[in-house]
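Single-structure report; data block below.
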Amino acid sequence: MKGLASRGRAALVFCSTAALMGGCDLSTKTWAQSVLSSRPGQSLTVVDPWVEFSLAYNRGTAFSLIPKLGAGTWVFALLALVACAVLFMMAIRRPLPRPAMVVALAVVAGGAIGNGWDRAFRVTPAGDTAVIDFVRVNLTSSYSWPTFNLADVWIVVGVAWFLWLGHRAARSGPDAQAAPSPAGG
């Protein structure tokens with residue numbers, strides 16, 4: 001019974017964290033679309049000259065490796081849903097991962113929710129769907145990092161955190177990788 005309760009707690013932590021991360025991402029994108037669309041071709045300086053907000057509709061993959069997905073947009077939206085399901089299953093598997101690993105997986109899922117939602121439902125002025133990117137970091141006066149959003153941050157931070165926790169657990173031995181299981185279970 002105790003193992004079931006622990007799985008339930010892991011599921012609750014995962015779902016609430018993923019919903020919070022996805023909600024923050026979608027809220028900031030809604031803000032960016034409403035505020036920045038009234039400033040076409042202009043950006044809003046946040047930390048001069050390094051960081052600015054500038055609205056961009058990403059119809060392709062991350063970093064525009066594939067600049068326009070077309071009908072493939074739905075494939076990527078479905079992949080985000082599948083990724084969330086896989087991450088959830090990882091979070092509640094037996095033996096249960098450490099609570100920090102559950103949160104790291106949920107942070108990644110929150111990013112997948114945000115970008116997956118955009119790919120499926122965020123309608124652009126052109127009438128298609130796209131991921132809203134709006135954070136631009138200027139590395140030099142002539143080069144900017146590709147424009148991104150909070151979902152991208154969640155995915156990168158969540159994956160890095162998960163890998164770091166896994167590395168630490170591997171160095172500490174097998175007992176550090178999982179939460180203690182209940183007696184007889």
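Every chain in the structure tokens takes a letter, A first, then B, and so on in the order presented; its residues are numbered from 1, and the ligands are numbered from 1 following the presented order.
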
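Those residues that approach Cys84 (chain A) to within 10 Å, counting only C-alpha atoms, are A:Cys15, A:Ala18, A:Leu78, A:Leu79, A:Ala80, A:Phe88, A:Met89, A:Met90, A:Leu105, A:Ala106, A:Val108, A:Ala109, A:Gly110, A:Gly111, A:Ala112, A:Ile113, A:Gly116; same-chain residues fewer than 4 positions away are not listed.
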
Dump as a short mmCIF file (atom, residue, chain, number, x, y, z; two decimals), in the first residue's frame, selection limited to all heavy atoms:
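Output saved as again_13.cif:
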data_model
loop_
_atom_site.label_atom_id
_atom_site.label_comp_id
_atom_site.auth_asym_id
_atom_site.auth_seq_id
_atom_site.Cartn_x
_atom_site.Cartn_y
_atom_site.Cartn_z
N CYS A 15 2.65 15.65 -12.43
CA CYS A 15 1.57 16.34 -13.16
C CYS A 15 1.45 17.80 -12.78
O CYS A 15 1.29 18.66 -13.65
CB CYS A 15 0.24 15.62 -12.94
SG CYS A 15 0.16 14.00 -13.74
N ALA A 18 4.59 19.65 -14.25
CA ALA A 18 4.48 19.78 -15.71
C ALA A 18 3.41 20.80 -16.09
O ALA A 18 3.62 21.61 -17.00
CB ALA A 18 4.16 18.42 -16.34
N LEU A 78 2.20 15.51 -31.94
CA LEU A 78 1.94 14.18 -31.38
C LEU A 78 3.16 13.62 -30.68
O LEU A 78 3.05 12.95 -29.64
CB LEU A 78 1.47 13.22 -32.48
CG LEU A 78 0.05 13.47 -32.99
CD1 LEU A 78 -0.25 12.57 -34.19
CD2 LEU A 78 -0.97 13.26 -31.89
N LEU A 79 4.35 13.89 -31.22
CA LEU A 79 5.58 13.45 -30.55
C LEU A 79 5.71 14.09 -29.17
O LEU A 79 6.20 13.46 -28.23
CB LEU A 79 6.80 13.76 -31.40
CG LEU A 79 7.05 12.83 -32.59
CD1 LEU A 79 8.21 13.34 -33.44
CD2 LEU A 79 7.31 11.41 -32.13
N ALA A 80 5.28 15.34 -29.04
CA ALA A 80 5.31 16.00 -27.73
C ALA A 80 4.40 15.28 -26.75
O ALA A 80 4.76 15.08 -25.58
CB ALA A 80 4.90 17.47 -27.88
N PHE A 88 6.21 10.59 -18.02
CA PHE A 88 5.33 10.25 -16.89
C PHE A 88 5.60 8.81 -16.44
O PHE A 88 5.72 8.55 -15.25
CB PHE A 88 3.86 10.43 -17.28
CG PHE A 88 2.91 10.06 -16.18
CD1 PHE A 88 2.72 10.90 -15.10
CD2 PHE A 88 2.21 8.86 -16.24
CE1 PHE A 88 1.84 10.55 -14.08
CE2 PHE A 88 1.33 8.50 -15.22
CZ PHE A 88 1.15 9.35 -14.14
N MET A 89 5.70 7.90 -17.38
CA MET A 89 5.96 6.49 -17.04
C MET A 89 7.32 6.35 -16.36
O MET A 89 7.47 5.56 -15.42
CB MET A 89 5.87 5.60 -18.28
CG MET A 89 4.48 5.56 -18.89
SD MET A 89 3.16 5.16 -17.73
CE MET A 89 3.55 3.48 -17.36
N MET A 90 8.30 7.11 -16.80
CA MET A 90 9.61 7.09 -16.15
C MET A 90 9.51 7.60 -14.72
O MET A 90 10.20 7.10 -13.83
CB MET A 90 10.61 7.94 -16.94
CG MET A 90 11.03 7.34 -18.26
SD MET A 90 12.07 8.46 -19.23
CE MET A 90 13.54 8.59 -18.21
N LEU A 105 12.09 15.38 -14.76
CA LEU A 105 11.30 14.83 -15.86
C LEU A 105 10.07 15.68 -16.13
O LEU A 105 9.70 15.91 -17.29
CB LEU A 105 10.89 13.38 -15.54
CG LEU A 105 12.02 12.35 -15.48
CD1 LEU A 105 11.53 11.05 -14.86
CD2 LEU A 105 12.60 12.12 -16.86
N ALA A 106 9.44 16.17 -15.07
CA ALA A 106 8.24 17.00 -15.22
C ALA A 106 8.56 18.34 -15.87
O ALA A 106 7.76 18.87 -16.64
CB ALA A 106 7.59 17.22 -13.86
N VAL A 108 10.87 18.86 -18.13
CA VAL A 108 10.97 18.55 -19.56
C VAL A 108 9.58 18.40 -20.17
O VAL A 108 9.29 18.93 -21.24
CB VAL A 108 11.81 17.28 -19.81
CG1 VAL A 108 11.83 16.91 -21.29
CG2 VAL A 108 13.24 17.46 -19.29
N ALA A 109 8.71 17.69 -19.47
CA ALA A 109 7.34 17.50 -19.96
C ALA A 109 6.61 18.83 -20.08
O ALA A 109 5.87 19.05 -21.05
CB ALA A 109 6.57 16.56 -19.04
N GLY A 110 6.83 19.74 -19.14
CA GLY A 110 6.21 21.06 -19.22
C GLY A 110 6.63 21.80 -20.48
O GLY A 110 5.82 22.46 -21.13
N GLY A 111 7.90 21.68 -20.84
CA GLY A 111 8.37 22.29 -22.09
C GLY A 111 7.74 21.64 -23.31
O GLY A 111 7.35 22.32 -24.26
N ALA A 112 7.62 20.32 -23.27
CA ALA A 112 6.98 19.61 -24.39
C ALA A 112 5.52 20.00 -24.52
O ALA A 112 5.00 20.16 -25.63
CB ALA A 112 7.12 18.10 -24.19
N ILE A 113 4.85 20.19 -23.38
CA ILE A 113 3.44 20.62 -23.41
C ILE A 113 3.33 21.98 -24.08
O ILE A 113 2.49 22.18 -24.96
CB ILE A 113 2.86 20.68 -21.98
CG1 ILE A 113 2.69 19.26 -21.43
CG2 ILE A 113 1.54 21.44 -21.95
CD1 ILE A 113 2.41 19.21 -19.93
N GLY A 116 4.35 21.72 -27.83
CA GLY A 116 3.39 20.85 -28.51
C GLY A 116 2.05 21.53 -28.70
O GLY A 116 1.43 21.44 -29.77
#

Go through region 73-152 of chain A residue by residue and, counting only C-alpha atoms, keep those with an atom at most 7 Å from region 32-54 of chain A; for each kept residue give the shortest atom pair and its distance in Å to one decimal, ordered by chain and increasing number, as a tab-separated table.
residue	atom	partner	partner_atom	distance
A:Phe134	CA	A:Ser54	CA	4.8
A:Val135	CA	A:Phe53	CA	4.8
A:Arg136	CA	A:Glu52	CA	5.3
A:Val137	CA	A:Val51	CA	4.6
A:Asn138	CA	A:Trp50	CA	4.8
A:Leu139	CA	A:Trp50	CA	6.8

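Nearest to Val153 (chain A) of all the residues A:Val102, A:Val107, A:Ala83, A:Ala19 is A:Val107, based on only C-alpha atoms.
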
To one decimal place in Å, what is the distance between CA of Met101 (chain A) and CA of His167 (chain A)? 11.6 Å

Per DSSP on the backbone, filter chain A down to the residues in strand (DSSP E) and report them as a ChimeraX atom specification. /A:44-47,51-58,131-137

Residue selection dump (all heavy atoms) as a compact mmCIF listing (two decimals), in the first residue's frame:
# COMPACT_ATOMS: atom_id res chain seq x y z
N LEU A 44 11.63 44.71 -27.80
CA LEU A 44 11.53 45.34 -26.50
C LEU A 44 12.81 45.01 -25.75
O LEU A 44 13.08 43.84 -25.46
CB LEU A 44 10.30 44.79 -25.77
CG LEU A 44 9.97 45.33 -24.40
CD1 LEU A 44 9.60 46.81 -24.49
CD2 LEU A 44 8.80 44.54 -23.83
N THR A 45 13.63 46.00 -25.48
CA THR A 45 14.92 45.78 -24.83
C THR A 45 14.69 45.43 -23.37
O THR A 45 13.95 46.13 -22.66
CB THR A 45 15.80 47.02 -24.95
OG1 THR A 45 16.01 47.31 -26.34
CG2 THR A 45 17.15 46.81 -24.27
N VAL A 46 15.36 44.36 -22.91
CA VAL A 46 15.25 43.92 -21.53
C VAL A 46 16.54 44.25 -20.79
O VAL A 46 16.53 44.88 -19.75
CB VAL A 46 14.94 42.41 -21.44
CG1 VAL A 46 14.87 41.94 -20.01
CG2 VAL A 46 13.66 42.09 -22.19
N VAL A 47 17.68 43.80 -21.33
CA VAL A 47 19.00 44.12 -20.78
C VAL A 47 19.84 44.57 -21.96
O VAL A 47 20.34 43.75 -22.74
CB VAL A 47 19.65 42.89 -20.08
CG1 VAL A 47 21.03 43.25 -19.55
CG2 VAL A 47 18.77 42.35 -18.98
N VAL A 51 19.86 41.29 -24.07
CA VAL A 51 18.61 40.52 -24.11
C VAL A 51 17.47 41.42 -24.55
O VAL A 51 17.31 42.54 -24.06
CB VAL A 51 18.28 39.92 -22.72
CG1 VAL A 51 16.99 39.11 -22.78
CG2 VAL A 51 19.42 39.08 -22.20
N GLU A 52 16.68 40.90 -25.48
CA GLU A 52 15.50 41.62 -25.95
C GLU A 52 14.38 40.64 -26.25
O GLU A 52 14.63 39.45 -26.45
CB GLU A 52 15.83 42.47 -27.18
CG GLU A 52 16.38 41.70 -28.35
CD GLU A 52 16.93 42.60 -29.45
OE1 GLU A 52 16.93 43.83 -29.30
OE2 GLU A 52 17.35 42.06 -30.47
N PHE A 53 13.17 41.15 -26.24
CA PHE A 53 12.01 40.35 -26.62
C PHE A 53 11.62 40.76 -28.03
O PHE A 53 11.44 41.95 -28.30
CB PHE A 53 10.83 40.58 -25.68
CG PHE A 53 11.05 40.07 -24.28
CD1 PHE A 53 10.35 40.62 -23.22
CD2 PHE A 53 11.92 39.03 -24.01
CE1 PHE A 53 10.54 40.15 -21.93
CE2 PHE A 53 12.11 38.55 -22.72
CZ PHE A 53 11.40 39.11 -21.68
N SER A 54 11.52 39.79 -28.90
CA SER A 54 11.18 40.03 -30.29
C SER A 54 10.34 38.85 -30.78
O SER A 54 10.80 37.71 -30.73
CB SER A 54 12.47 40.17 -31.11
OG SER A 54 12.18 40.39 -32.46
N LEU A 55 9.14 39.13 -31.25
CA LEU A 55 8.20 38.08 -31.64
C LEU A 55 8.66 37.36 -32.91
O LEU A 55 9.00 37.98 -33.91
CB LEU A 55 6.82 38.68 -31.87
CG LEU A 55 5.69 37.72 -32.18
CD1 LEU A 55 5.46 36.76 -31.02
CD2 LEU A 55 4.42 38.49 -32.49
N ALA A 56 8.65 36.03 -32.84
CA ALA A 56 8.98 35.20 -34.00
C ALA A 56 8.06 33.99 -34.00
O ALA A 56 7.76 33.42 -32.95
CB ALA A 56 10.44 34.75 -33.95
N TYR A 57 7.60 33.61 -35.18
CA TYR A 57 6.77 32.41 -35.33
C TYR A 57 7.65 31.32 -35.92
O TYR A 57 8.09 31.42 -37.05
CB TYR A 57 5.57 32.69 -36.23
CG TYR A 57 4.60 33.67 -35.62
CD1 TYR A 57 4.57 35.00 -36.01
CD2 TYR A 57 3.70 33.26 -34.64
CE1 TYR A 57 3.68 35.89 -35.45
CE2 TYR A 57 2.80 34.14 -34.07
CZ TYR A 57 2.80 35.46 -34.48
OH TYR A 57 1.92 36.35 -33.92
N ASN A 58 7.90 30.28 -35.14
CA ASN A 58 8.75 29.18 -35.57
C ASN A 58 7.86 28.08 -36.14
O ASN A 58 7.18 27.37 -35.41
CB ASN A 58 9.58 28.66 -34.40
CG ASN A 58 10.53 27.56 -34.80
OD1 ASN A 58 10.47 27.03 -35.90
ND2 ASN A 58 11.41 27.20 -33.89
N VAL A 131 5.12 27.69 -33.27
CA VAL A 131 5.60 27.91 -31.91
C VAL A 131 6.03 29.38 -31.81
O VAL A 131 6.73 29.89 -32.68
CB VAL A 131 6.79 26.98 -31.59
CG1 VAL A 131 7.40 27.31 -30.24
CG2 VAL A 131 6.35 25.52 -31.65
N ILE A 132 5.59 30.02 -30.75
CA ILE A 132 6.01 31.41 -30.53
C ILE A 132 7.34 31.42 -29.81
O ILE A 132 7.50 30.81 -28.76
CB ILE A 132 4.96 32.17 -29.71
CG1 ILE A 132 3.71 32.34 -30.55
CG2 ILE A 132 5.51 33.50 -29.21
CD1 ILE A 132 2.76 33.36 -30.09
N ASP A 133 8.30 32.10 -30.40
CA ASP A 133 9.60 32.36 -29.78
C ASP A 133 9.68 33.87 -29.59
O ASP A 133 9.20 34.63 -30.43
CB ASP A 133 10.74 31.88 -30.68
CG ASP A 133 10.83 30.36 -30.75
OD1 ASP A 133 10.45 29.69 -29.77
OD2 ASP A 133 11.28 29.85 -31.78
N PHE A 134 10.29 34.29 -28.49
CA PHE A 134 10.34 35.74 -28.28
C PHE A 134 11.56 36.23 -27.51
O PHE A 134 11.79 37.43 -27.42
CB PHE A 134 9.06 36.24 -27.59
CG PHE A 134 8.88 35.71 -26.19
CD1 PHE A 134 9.31 36.44 -25.09
CD2 PHE A 134 8.27 34.49 -25.98
CE1 PHE A 134 9.13 35.96 -23.82
CE2 PHE A 134 8.09 34.00 -24.70
CZ PHE A 134 8.52 34.73 -23.61
N VAL A 135 12.37 35.36 -26.96
CA VAL A 135 13.56 35.79 -26.22
C VAL A 135 14.76 35.72 -27.15
O VAL A 135 15.04 34.67 -27.73
CB VAL A 135 13.81 34.91 -24.98
CG1 VAL A 135 15.05 35.40 -24.22
CG2 VAL A 135 12.59 34.88 -24.07
N ARG A 136 15.42 36.85 -27.31
CA ARG A 136 16.61 36.88 -28.16
C ARG A 136 17.79 37.36 -27.32
O ARG A 136 17.72 38.40 -26.67
CB ARG A 136 16.41 37.79 -29.37
CG ARG A 136 17.61 37.73 -30.31
CD ARG A 136 17.38 38.37 -31.65
NE ARG A 136 16.85 39.70 -31.54
CZ ARG A 136 16.03 40.25 -32.45
NH1 ARG A 136 15.67 39.58 -33.52
NH2 ARG A 136 15.59 41.48 -32.30
N VAL A 137 18.87 36.58 -27.37
CA VAL A 137 20.09 36.93 -26.65
C VAL A 137 21.14 37.30 -27.69
O VAL A 137 21.47 36.50 -28.57
CB VAL A 137 20.57 35.75 -25.78
CG1 VAL A 137 21.90 36.08 -25.12
CG2 VAL A 137 19.53 35.38 -24.74

Among the residues A:Thr147, A:Lys68, A:Gly166, A:Gly114, the one that comes closest to Thr30 (chain A) [using only C-alpha atoms]: A:Gly114

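If you measure from each of A:Trp31, A:Ala10, A:Thr124, A:Ala62 to Val156 (chain A) using only C-alpha atoms, the closest one turns out to be A:Ala62.
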